$ cat structure_15.txt   # compact mmCIF, C-alpha atoms and all ligand atoms
# COMPACT_ATOMS: atom_id res chain seq x y z
CA MET A 889 117.96 223.25 128.00
CA HIS A 890 114.52 223.49 126.31
CA LYS A 891 116.00 222.18 123.04
CA PHE A 892 117.80 219.34 124.86
CA LEU A 893 114.60 218.23 126.63
CA ALA A 894 112.52 218.46 123.44
CA SER A 895 114.92 216.24 121.47
CA SER A 896 113.85 212.67 120.65
CA TRP A 897 117.44 211.58 121.44
CA THR A 898 117.01 212.69 125.05
CA LYS A 899 113.89 210.55 125.32
CA ALA A 900 115.66 207.54 123.79
CA CYS A 901 118.64 207.99 126.16
CA LEU A 902 116.31 208.20 129.17
CA PHE A 903 114.54 205.04 127.98
CA LEU A 904 117.87 203.17 127.97
CA LEU A 905 118.93 204.71 131.29
CA CYS A 906 115.74 203.40 132.91
CA LEU A 907 116.79 199.88 131.88
CA GLY A 908 119.98 200.32 133.97
CA PRO A 909 118.43 198.94 137.19
CA LEU A 910 117.29 195.82 135.29
CA ALA A 911 120.83 195.32 133.97
CA ALA A 912 122.19 195.75 137.52
CA ILE A 913 119.77 193.06 138.76
CA ILE A 914 120.64 190.58 135.96
CA TRP A 915 124.39 191.26 135.88
CA PRO A 916 125.43 189.36 139.08
CA PHE A 917 123.63 186.24 137.75
CA VAL A 918 125.18 186.25 134.27
CA GLY A 919 128.55 187.37 135.64
CA GLY A 920 128.69 184.28 137.89
CA HIS A 921 128.86 186.27 141.15
CA THR A 922 127.75 184.57 144.35
CA ILE A 923 124.57 186.03 145.83
CA PRO A 924 123.78 184.67 149.30
CA ASN A 925 120.00 185.03 148.89
CA PRO A 926 119.01 185.53 145.19
CA LEU A 927 115.25 185.75 145.91
CA GLU A 928 115.75 188.46 148.53
CA PHE A 929 118.18 190.31 146.23
CA ILE A 930 115.69 190.43 143.31
CA GLN A 931 112.68 191.16 145.53
CA HIS A 932 114.39 194.07 147.26
CA ALA A 933 115.95 195.56 144.12
CA THR A 934 112.69 195.42 142.09
CA GLY A 935 110.67 196.76 145.08
CA ASP A 936 113.12 199.65 145.56
CA TRP A 937 113.04 200.59 141.87
CA THR A 938 109.24 200.43 141.70
CA LEU A 939 109.02 202.95 144.52
CA ARG A 940 111.77 205.15 143.02
CA PHE A 941 110.02 205.29 139.63
CA LEU A 942 106.72 206.13 141.31
CA VAL A 943 108.43 209.06 143.04
CA PHE A 944 110.16 210.14 139.78
CA THR A 945 106.78 210.12 137.98
CA LEU A 946 105.07 212.15 140.69
CA ALA A 947 107.98 214.63 140.73
CA VAL A 948 107.60 215.54 137.03
CA THR A 949 104.77 218.10 137.40
CA PRO A 950 106.23 219.96 140.43
CA LEU A 951 109.68 220.08 138.75
CA ARG A 952 108.11 221.28 135.53
CA GLN A 953 106.43 224.16 137.36
CA LEU A 954 109.36 224.95 139.65
CA LEU A 955 112.04 224.95 136.94
CA ARG A 956 109.72 226.36 134.24
CA LEU A 957 110.54 223.45 131.94
CA PRO A 958 107.25 222.39 130.30
CA GLU A 959 109.13 219.85 128.12
CA LEU A 960 109.60 217.61 131.17
CA ILE A 961 106.02 216.39 130.67
CA ARG A 962 107.30 214.30 127.71
CA PHE A 963 108.96 211.91 130.15
CA ARG A 964 106.11 211.40 132.63
CA ARG A 965 104.35 208.59 130.79
CA MET A 966 107.61 206.70 130.26
CA LEU A 967 108.58 206.98 133.92
CA GLY A 968 105.11 205.82 135.02
CA LEU A 969 105.28 202.82 132.69
CA TYR A 970 108.73 201.97 134.06
CA ALA A 971 107.25 202.04 137.59
CA PHE A 972 104.66 199.53 136.36
CA PHE A 973 107.34 197.45 134.61
CA TYR A 974 109.46 197.12 137.79
CA ALA A 975 106.28 196.45 139.82
CA CYS A 976 105.45 193.58 137.41
CA LEU A 977 108.95 192.14 137.89
CA HIS A 978 108.60 192.53 141.67
CA PHE A 979 105.20 190.83 141.71
CA THR A 980 106.33 188.07 139.32
CA THR A 981 109.32 187.32 141.59
CA TYR A 982 106.90 186.87 144.46
CA LEU A 983 104.43 184.74 142.43
CA TRP A 984 107.05 182.56 140.84
CA PHE A 985 110.04 182.13 143.17
CA ASP A 986 108.35 182.81 146.51
CA LYS A 987 104.95 181.15 146.01
CA LEU A 988 105.53 178.89 142.96
CA PHE A 989 102.23 180.15 141.47
CA ASP A 990 100.26 178.55 144.34
CA VAL A 991 97.10 180.73 144.10
CA ARG A 992 95.70 179.52 147.46
CA GLU A 993 98.95 180.40 149.23
CA ILE A 994 98.99 183.81 147.55
CA TRP A 995 95.40 184.64 148.63
CA LYS A 996 96.20 183.46 152.17
CA ASP A 997 99.17 185.83 152.17
CA VAL A 998 97.17 188.76 150.75
CA TYR A 999 94.46 188.13 153.36
CA LYS A 1000 96.68 187.50 156.39
CA ARG A 1001 99.79 189.67 155.96
CA PRO A 1002 98.93 193.38 155.98
CA PHE A 1003 102.17 194.40 154.22
CA ILE A 1004 101.32 192.05 151.32
CA THR A 1005 97.69 193.32 151.24
CA VAL A 1006 98.80 196.93 150.90
CA GLY A 1007 101.53 196.02 148.34
CA PHE A 1008 98.92 194.14 146.33
CA LEU A 1009 96.65 197.20 146.42
CA ALA A 1010 99.53 199.45 145.27
CA PHE A 1011 100.18 197.10 142.34
CA THR A 1012 96.50 196.65 141.39
CA LEU A 1013 96.03 200.43 141.26
CA LEU A 1014 98.82 200.73 138.71
CA ILE A 1015 97.14 198.34 136.22
CA PRO A 1016 94.31 200.68 135.01
CA LEU A 1017 96.79 203.57 134.96
CA ALA A 1018 99.17 201.67 132.66
CA ILE A 1019 96.29 200.59 130.39
CA THR A 1020 94.85 204.12 130.10
CA SER A 1021 98.20 205.85 129.64
CA THR A 1022 97.81 206.13 125.84
CA ALA A 1023 96.60 209.18 123.88
CA GLY A 1024 93.62 207.11 122.68
CA TRP A 1025 92.46 206.53 126.26
CA ILE A 1026 92.91 210.21 127.17
CA ARG A 1027 90.59 211.02 124.24
CA ARG A 1028 88.09 208.30 125.18
CA LEU A 1029 87.91 209.28 128.87
CA GLY A 1030 88.23 213.04 128.36
CA GLY A 1031 91.02 215.08 129.98
CA ARG A 1032 89.18 215.77 133.26
CA ARG A 1033 88.15 212.15 133.96
CA TRP A 1034 91.58 210.91 132.89
CA ARG A 1035 93.32 213.30 135.31
CA ILE A 1036 91.03 212.23 138.18
CA LEU A 1037 91.74 208.53 137.46
CA HIS A 1038 95.47 209.14 137.30
CA ARG A 1039 95.49 210.68 140.78
CA ALA A 1040 95.43 207.03 141.89
CA MET A 1041 99.20 207.17 141.33
CA TYR A 1042 99.46 209.04 144.64
CA ILE A 1043 97.41 206.36 146.42
CA SER A 1044 99.63 203.67 144.88
CA ALA A 1045 102.79 205.48 146.06
CA ILE A 1046 101.33 205.93 149.59
CA CYS A 1047 100.44 202.20 149.70
CA GLY A 1048 103.97 201.39 148.41
CA VAL A 1049 105.51 203.39 151.27
CA ILE A 1050 103.26 201.73 153.89
CA HIS A 1051 104.12 198.32 152.36
CA TYR A 1052 107.83 199.13 152.74
CA TYR A 1053 107.45 200.55 156.27
CA TRP A 1054 105.46 197.55 157.54
CA GLN A 1055 108.04 195.00 156.46
CA VAL A 1056 111.21 196.57 157.83
CA LYS A 1057 112.00 195.67 161.39
CA SER A 1058 114.28 198.44 162.63
CA ALA A 1059 115.75 200.21 159.56
CA VAL A 1060 112.85 202.67 159.23
CA ILE A 1061 114.96 205.57 157.91
CA ARG A 1062 114.55 204.71 154.22
CA PRO A 1063 110.77 204.13 154.26
CA LEU A 1064 110.39 207.33 156.29
CA LEU A 1065 112.45 209.20 153.70
CA TYR A 1066 110.14 207.94 150.95
CA ALA A 1067 107.14 208.91 153.10
CA ALA A 1068 108.53 212.46 153.41
CA LEU A 1069 109.13 212.67 149.65
CA VAL A 1070 105.65 211.41 148.71
CA GLY A 1071 104.13 213.71 151.38
CA LEU A 1072 106.00 216.71 149.97
CA LEU A 1073 104.90 215.93 146.39
CA LEU A 1074 101.30 215.48 147.54
CA ALA A 1075 101.42 218.76 149.50
CA TRP A 1076 102.75 220.57 146.40
CA ARG A 1077 99.89 219.29 144.26
CA ALA A 1078 97.31 220.13 146.95
CA ALA A 1079 98.71 223.69 147.28
CA ASP A 1080 98.70 224.09 143.48
CA TRP A 1081 95.08 222.91 143.30
CA LEU A 1082 93.98 225.32 146.08
CA LEU A 1083 95.79 228.23 144.40
CA ARG A 1084 94.12 227.51 141.04
CA ARG A 1085 90.70 227.29 142.73
CA ARG A 1086 91.22 230.65 144.47
CA ARG A 1087 92.36 232.24 141.22
CA THR A 1088 89.26 230.94 139.36
CA ALA A 1089 86.96 232.10 142.19
CA LEU A 1090 88.58 235.56 142.12
CA ALA A 1091 88.25 235.79 138.35
CA ASN A 1092 84.57 234.83 138.56
CA ALA A 1093 83.95 237.37 141.33
CA LEU A 1094 85.34 240.28 139.26
CA PRO A 1095 82.56 242.40 137.69
CA GLN A 1096 81.99 241.28 134.12
CA ARG A 1097 82.50 243.99 131.49
CA ALA A 1098 79.24 244.82 129.69
CA PRO A 1099 79.31 243.69 126.04
CA ILE A 1100 79.65 246.53 123.54
CA ASP A 1101 76.32 247.33 121.96
CA ALA A 1102 76.98 247.34 118.20
CA SER A 1103 73.59 248.93 117.37
CA ARG A 1104 74.55 252.20 119.11
C1 LIG B 1 103.54 199.37 143.64
C2 LIG B 1 103.68 198.22 144.28
C3 LIG B 1 104.84 197.86 145.18
C4 LIG B 1 105.89 198.62 145.66
C5 LIG B 1 106.17 200.09 145.41
C6 LIG B 1 106.71 197.74 146.47
C7 LIG B 1 107.88 198.13 147.12
C8 LIG B 1 108.66 197.29 147.89
C9 LIG B 1 109.86 197.71 148.57
C10 LIG B 1 110.43 199.12 148.55
C11 LIG B 1 110.38 196.62 149.19
C12 LIG B 1 111.59 196.58 150.11
C13 LIG B 1 112.87 196.62 149.37
C14 LIG B 1 114.04 196.71 150.34
O1 LIG B 1 113.96 196.21 151.46
O2 LIG B 1 115.07 197.29 149.94
C15 LIG B 1 109.49 195.50 148.90
C16 LIG B 1 109.69 194.23 149.35
C17 LIG B 1 108.80 193.19 149.17
N1 LIG B 1 107.61 193.26 148.50
FE1 LIG B 1 106.88 194.85 147.49
N2 LIG B 1 106.15 196.49 146.49
C18 LIG B 1 105.00 196.51 145.73
C19 LIG B 1 104.14 195.49 145.49
C20 LIG B 1 104.26 194.23 146.03
C21 LIG B 1 103.34 193.13 145.78
C22 LIG B 1 102.09 193.20 144.91
C23 LIG B 1 103.82 192.05 146.49
C24 LIG B 1 103.24 190.68 146.60
C25 LIG B 1 101.97 190.40 146.55
C26 LIG B 1 105.03 192.46 147.16
C27 LIG B 1 105.83 191.66 147.96
C28 LIG B 1 107.01 192.01 148.54
C29 LIG B 1 107.86 191.10 149.30
C30 LIG B 1 107.56 189.64 149.60
C31 LIG B 1 108.99 191.84 149.69
C32 LIG B 1 110.19 191.34 150.49
C33 LIG B 1 109.90 191.35 151.94
C34 LIG B 1 111.07 190.83 152.78
O3 LIG B 1 112.15 190.59 152.29
O4 LIG B 1 110.84 190.71 153.99
N3 LIG B 1 105.27 193.79 146.86
N4 LIG B 1 108.46 195.94 148.12

$ encode --input "structure_15.txt" --output "structure tokens" --more "lines below"
Ligand code: HEM
Amino acid sequence: MHKFLASSWTKACLFLLCLGPLAAIIWPFVGGHTIPNPLEFIQHATGDWTLRFLVFTLAVTPLRQLLRLPELIRFRRMLGLYAFFYACLHFTTYLWFDKLFDVREIWKDVYKRPFITVGFLAFTLLIPLAITSTAGWIRRLGGRRWRILHRAMYISAICGVIHYYWQVKSAVIRPLLYAALVGLLLAWRAADWLLRRRRTALANALPQRAPIDASR
């Protein structure tokens, strides 16, 4: 399993697999299938996949620890960038087909419709994360600051879930399922952080061994 996950072929295959949802969105249009409401179809599919990729990205660290598969970390950046990619498609669909790039209309929407406001916040938070996802930016910011910044992924996912929940009328099961998943992932990270803190405090509290005096 370790060898399989460490292979560059696995990464390339996952890259192609992540393009599957895009192919499934495009296919009905090129295949000449009738779609009753194309705008709604694209908006919902891209929104769903943005949220799924956010959850996949957040699940990497807990799965890595739970399954003892450190190689899984190799896929986190790619999954996060795919979340951003589908979010860009989702936002572009709204800007282009829904609002025809009418900036005043868009601002009115962001200001007046809470589900759009929170979706906009979820998307905006992903921009600095996508920009700083490179090794160069990790070096420039330093590991600690980079990790703190990238915790915004959780806030983006929470906003994404609220955005979903606020727009559905009665079918609340799916947004609630996402809320449970994001909550569980957040609880895992919080528990992990608390455990590490306790371990460090315990290690610091242990009596330090006196250094050996070489002159004796
Ligand atoms: C990380 C950011 C975002 C996530 C995770 C997200 C997620 C979603 C989800 C899951 C849906 C519902 C899909 C379904 O019903 O199956 C949706 C729908 C929608 N989203 Fe987003 N979204 C995000 C950002 C945005 C932004 C920035 C806008 C516009 C400013 C936006 C506008 C919409 C609209 C107009 C709909 C369709 C609502 C309807 O049909 O009633 N979203 N989004």

$ residues_near_point --input "structure_15.txt" --point "(104.4, 210.2, 149.2)" --cutoff "10 Å" --atoms "all atoms listed in the file" --output "PyMOL selection string"
chain A and resi 939+942-943+946+1041-1050+1064-1075

$ write_last_selection --input "structure_15.txt" --atoms "C-alpha atoms" --output "mmCIF file, in the coordinates of the input"
data_model
loop_
_atom_site.group_PDB
_atom_site.id
_atom_site.type_symbol
_atom_site.label_atom_id
_atom_site.label_comp_id
_atom_site.auth_asym_id
_atom_site.auth_seq_id
_atom_site.Cartn_x
_atom_site.Cartn_y
_atom_site.Cartn_z
ATOM 1 C CA LEU A 939 109.020 202.950 144.520
ATOM 2 C CA LEU A 942 106.720 206.130 141.310
ATOM 3 C CA VAL A 943 108.430 209.060 143.040
ATOM 4 C CA LEU A 946 105.070 212.150 140.690
ATOM 5 C CA MET A 1041 99.200 207.170 141.330
ATOM 6 C CA TYR A 1042 99.460 209.040 144.640
ATOM 7 C CA ILE A 1043 97.410 206.360 146.420
ATOM 8 C CA SER A 1044 99.630 203.670 144.880
ATOM 9 C CA ALA A 1045 102.790 205.480 146.060
ATOM 10 C CA ILE A 1046 101.330 205.930 149.590
ATOM 11 C CA CYS A 1047 100.440 202.200 149.700
ATOM 12 C CA GLY A 1048 103.970 201.390 148.410
ATOM 13 C CA VAL A 1049 105.510 203.390 151.270
ATOM 14 C CA ILE A 1050 103.260 201.730 153.890
ATOM 15 C CA LEU A 1064 110.390 207.330 156.290
ATOM 16 C CA LEU A 1065 112.450 209.200 153.700
ATOM 17 C CA TYR A 1066 110.140 207.940 150.950
ATOM 18 C CA ALA A 1067 107.140 208.910 153.100
ATOM 19 C CA ALA A 1068 108.530 212.460 153.410
ATOM 20 C CA LEU A 1069 109.130 212.670 149.650
ATOM 21 C CA VAL A 1070 105.650 211.410 148.710
ATOM 22 C CA GLY A 1071 104.130 213.710 151.380
ATOM 23 C CA LEU A 1072 106.000 216.710 149.970
ATOM 24 C CA LEU A 1073 104.900 215.930 146.390
ATOM 25 C CA LEU A 1074 101.300 215.480 147.540
ATOM 26 C CA ALA A 1075 101.420 218.760 149.500
#

$ closest_residue --input "structure_15.txt" --among "A:Val991, A:Leu1014, A:Ile914, A:Ala1040" --to "ligand LIG 1 (chain B)" --atoms "only C-alpha atoms and all ligand atoms"
A:Leu1014

$ closest_residue --input "structure_15.txt" --among "A:Gly1031, A:Pro916, A:Gly1007, A:Gly968" --to "ligand LIG 1 (chain B)" --atoms "all atoms listed in the file"
A:Gly1007

$ residues_near_ligand --input "structure_15.txt" --ligand "ligand LIG 1 (chain B)" --cutoff "8 Å" --atoms "all atoms listed in the file" --output "PyMOL selection string"
chain A and resi 928+931-940+942+971-972+975+978-979+982-983+986+994+997-998+1003-1014+1044-1045+1047-1049+1051-1052+1055-1056+1063

$ write_last_selection --input "structure_15.txt" --atoms "C-alpha atoms" --output "PDB file, in the frame of the given file"
ATOM      1  CA  GLU A 928     115.750 188.460 148.530  1.00  0.00           C
ATOM      2  CA  GLN A 931     112.680 191.160 145.530  1.00  0.00           C
ATOM      3  CA  HIS A 932     114.390 194.070 147.260  1.00  0.00           C
ATOM      4  CA  ALA A 933     115.950 195.560 144.120  1.00  0.00           C
ATOM      5  CA  THR A 934     112.690 195.420 142.090  1.00  0.00           C
ATOM      6  CA  GLY A 935     110.670 196.760 145.080  1.00  0.00           C
ATOM      7  CA  ASP A 936     113.120 199.650 145.560  1.00  0.00           C
ATOM      8  CA  TRP A 937     113.040 200.590 141.870  1.00  0.00           C
ATOM      9  CA  THR A 938     109.240 200.430 141.700  1.00  0.00           C
ATOM     10  CA  LEU A 939     109.020 202.950 144.520  1.00  0.00           C
ATOM     11  CA  ARG A 940     111.770 205.150 143.020  1.00  0.00           C
ATOM     12  CA  LEU A 942     106.720 206.130 141.310  1.00  0.00           C
ATOM     13  CA  ALA A 971     107.250 202.040 137.590  1.00  0.00           C
ATOM     14  CA  PHE A 972     104.660 199.530 136.360  1.00  0.00           C
ATOM     15  CA  ALA A 975     106.280 196.450 139.820  1.00  0.00           C
ATOM     16  CA  HIS A 978     108.600 192.530 141.670  1.00  0.00           C
ATOM     17  CA  PHE A 979     105.200 190.830 141.710  1.00  0.00           C
ATOM     18  CA  TYR A 982     106.900 186.870 144.460  1.00  0.00           C
ATOM     19  CA  LEU A 983     104.430 184.740 142.430  1.00  0.00           C
ATOM     20  CA  ASP A 986     108.350 182.810 146.510  1.00  0.00           C
ATOM     21  CA  ILE A 994      98.990 183.810 147.550  1.00  0.00           C
ATOM     22  CA  ASP A 997      99.170 185.830 152.170  1.00  0.00           C
ATOM     23  CA  VAL A 998      97.170 188.760 150.750  1.00  0.00           C
ATOM     24  CA  PHE A1003     102.170 194.400 154.220  1.00  0.00           C
ATOM     25  CA  ILE A1004     101.320 192.050 151.320  1.00  0.00           C
ATOM     26  CA  THR A1005      97.690 193.320 151.240  1.00  0.00           C
ATOM     27  CA  VAL A1006      98.800 196.930 150.900  1.00  0.00           C
ATOM     28  CA  GLY A1007     101.530 196.020 148.340  1.00  0.00           C
ATOM     29  CA  PHE A1008      98.920 194.140 146.330  1.00  0.00           C
ATOM     30  CA  LEU A1009      96.650 197.200 146.420  1.00  0.00           C
ATOM     31  CA  ALA A1010      99.530 199.450 145.270  1.00  0.00           C
ATOM     32  CA  PHE A1011     100.180 197.100 142.340  1.00  0.00           C
ATOM     33  CA  THR A1012      96.500 196.650 141.390  1.00  0.00           C
ATOM     34  CA  LEU A1013      96.030 200.430 141.260  1.00  0.00           C
ATOM     35  CA  LEU A1014      98.820 200.730 138.710  1.00  0.00           C
ATOM     36  CA  SER A1044      99.630 203.670 144.880  1.00  0.00           C
ATOM     37  CA  ALA A1045     102.790 205.480 146.060  1.00  0.00           C
ATOM     38  CA  CYS A1047     100.440 202.200 149.700  1.00  0.00           C
ATOM     39  CA  GLY A1048     103.970 201.390 148.410  1.00  0.00           C
ATOM     40  CA  VAL A1049     105.510 203.390 151.270  1.00  0.00           C
ATOM     41  CA  HIS A1051     104.120 198.320 152.360  1.00  0.00           C
ATOM     42  CA  TYR A1052     107.830 199.130 152.740  1.00  0.00           C
ATOM     43  CA  GLN A1055     108.040 195.000 156.460  1.00  0.00           C
ATOM     44  CA  VAL A1056     111.210 196.570 157.830  1.00  0.00           C
ATOM     45  CA  PRO A1063     110.770 204.130 154.260  1.00  0.00           C
TER      46      PRO A1063
END

$ atom_distance --input "structure_15.txt" --atom1 "CA of Val1060 (chain A)" --atom2 "CA of Phe941 (chain A)"
20.0 Å

$ atom_distance --input "structure_15.txt" --atom1 "CA of Leu927 (chain A)" --atom2 "CA of Phe985 (chain A)"
6.9 Å

$ atom_distance --input "structure_15.txt" --atom1 "CA of Arg1027 (chain A)" --atom2 "CA of Leu969 (chain A)"
18.8 Å

$ residues_around --input "structure_15.txt" --residues "region 1033-1035 of chain A" --least-positions-apart "5" --cutoff "9 Å" --atoms "only C-alpha atoms" --output "compact mmCIF listing (two decimals) with C-alpha atoms, in the coordinates of the input"
# COMPACT_ATOMS: atom_id res chain seq x y z
CA THR A 1020 94.85 204.12 130.10
CA SER A 1021 98.20 205.85 129.64
CA TRP A 1025 92.46 206.53 126.26
CA ILE A 1026 92.91 210.21 127.17
CA ARG A 1027 90.59 211.02 124.24
CA ARG A 1028 88.09 208.30 125.18

$ residues_around --input "structure_15.txt" --residues "Leu907 (chain A)" --least-positions-apart "5" --cutoff "10 Å" --atoms "only C-alpha atoms" --output "ChimeraX atom specification"
/A:902,912,970,974

$ axis_aligned_box --input "structure_15.txt" --around "region 912-918 of chain A" --padding-each-side "5 Å" --output "JSON"
{"center_x": 122.6, "center_y": 191.0, "center_z": 136.7, "size_x": 15.7, "size_y": 19.5, "size_z": 14.8}

$ residues_around --input "structure_15.txt" --residues "Leu957 (chain A)" --least-positions-apart "3" --cutoff "10 Å" --atoms "all atoms listed in the file" --output "PDB file with C-alpha atoms, keeping the file's coordinate frame"
ATOM      1  CA  MET A 889     117.960 223.250 128.000  1.00  0.00           C
ATOM      2  CA  HIS A 890     114.520 223.490 126.310  1.00  0.00           C
ATOM      3  CA  LEU A 893     114.600 218.230 126.630  1.00  0.00           C
ATOM      4  CA  VAL A 948     107.600 215.540 137.030  1.00  0.00           C
ATOM      5  CA  THR A 949     104.770 218.100 137.400  1.00  0.00           C
ATOM      6  CA  LEU A 951     109.680 220.080 138.750  1.00  0.00           C
ATOM      7  CA  ARG A 952     108.110 221.280 135.530  1.00  0.00           C
ATOM      8  CA  GLN A 953     106.430 224.160 137.360  1.00  0.00           C
ATOM      9  CA  LEU A 954     109.360 224.950 139.650  1.00  0.00           C
ATOM     10  CA  LEU A 960     109.600 217.610 131.170  1.00  0.00           C
ATOM     11  CA  ILE A 961     106.020 216.390 130.670  1.00  0.00           C
TER      12      ILE A 961
END

$ closest_residue --input "structure_15.txt" --among "A:Ile1036, A:Lys996, A:Ile930, A:Glu959" --to "Pro909 (chain A)" --atoms "only C-alpha atoms"
A:Ile930

$ build_atoms --input "structure_15.txt" --residues "region 1083-1094 of chain A" --atoms "N, CA, C and O atoms" --output "compact mmCIF listing (two decimals), keeping the file's coordinate frame"
# COMPACT_ATOMS: atom_id res chain seq x y z
N LEU A 1083 95.44 226.95 145.02
CA LEU A 1083 95.79 228.23 144.40
C LEU A 1083 94.98 228.46 143.13
O LEU A 1083 94.45 229.55 142.90
N ARG A 1084 94.89 227.40 142.30
CA ARG A 1084 94.12 227.51 141.04
C ARG A 1084 92.66 227.81 141.34
O ARG A 1084 92.02 228.61 140.67
N ARG A 1085 92.12 227.12 142.37
CA ARG A 1085 90.70 227.29 142.73
C ARG A 1085 90.43 228.73 143.17
O ARG A 1085 89.44 229.34 142.79
N ARG A 1086 91.38 229.27 143.98
CA ARG A 1086 91.22 230.65 144.47
C ARG A 1086 91.27 231.63 143.32
O ARG A 1086 90.49 232.57 143.25
N ARG A 1087 92.22 231.36 142.38
CA ARG A 1087 92.36 232.24 141.22
C ARG A 1087 91.08 232.25 140.38
O ARG A 1087 90.59 233.27 139.95
N THR A 1088 90.49 231.03 140.16
CA THR A 1088 89.26 230.94 139.36
C THR A 1088 88.12 231.65 140.09
O THR A 1088 87.35 232.38 139.46
N ALA A 1089 88.03 231.46 141.43
CA ALA A 1089 86.96 232.10 142.19
C ALA A 1089 87.08 233.62 142.11
O ALA A 1089 86.09 234.33 141.95
N LEU A 1090 88.33 234.11 142.20
CA LEU A 1090 88.58 235.56 142.12
C LEU A 1090 88.19 236.10 140.76
O LEU A 1090 87.54 237.14 140.65
N ALA A 1091 88.57 235.36 139.72
CA ALA A 1091 88.25 235.79 138.35
C ALA A 1091 86.75 235.83 138.13
O ALA A 1091 86.23 236.76 137.49
N ASN A 1092 86.02 234.87 138.71
CA ASN A 1092 84.57 234.83 138.56
C ASN A 1092 83.89 235.95 139.35
O ASN A 1092 82.82 236.42 138.97
N ALA A 1093 84.55 236.34 140.48
CA ALA A 1093 83.95 237.37 141.33
C ALA A 1093 84.12 238.77 140.75
O ALA A 1093 83.37 239.69 141.09
N LEU A 1094 85.11 238.96 139.85
CA LEU A 1094 85.34 240.28 139.26
C LEU A 1094 84.14 240.70 138.42
O LEU A 1094 83.55 239.85 137.73
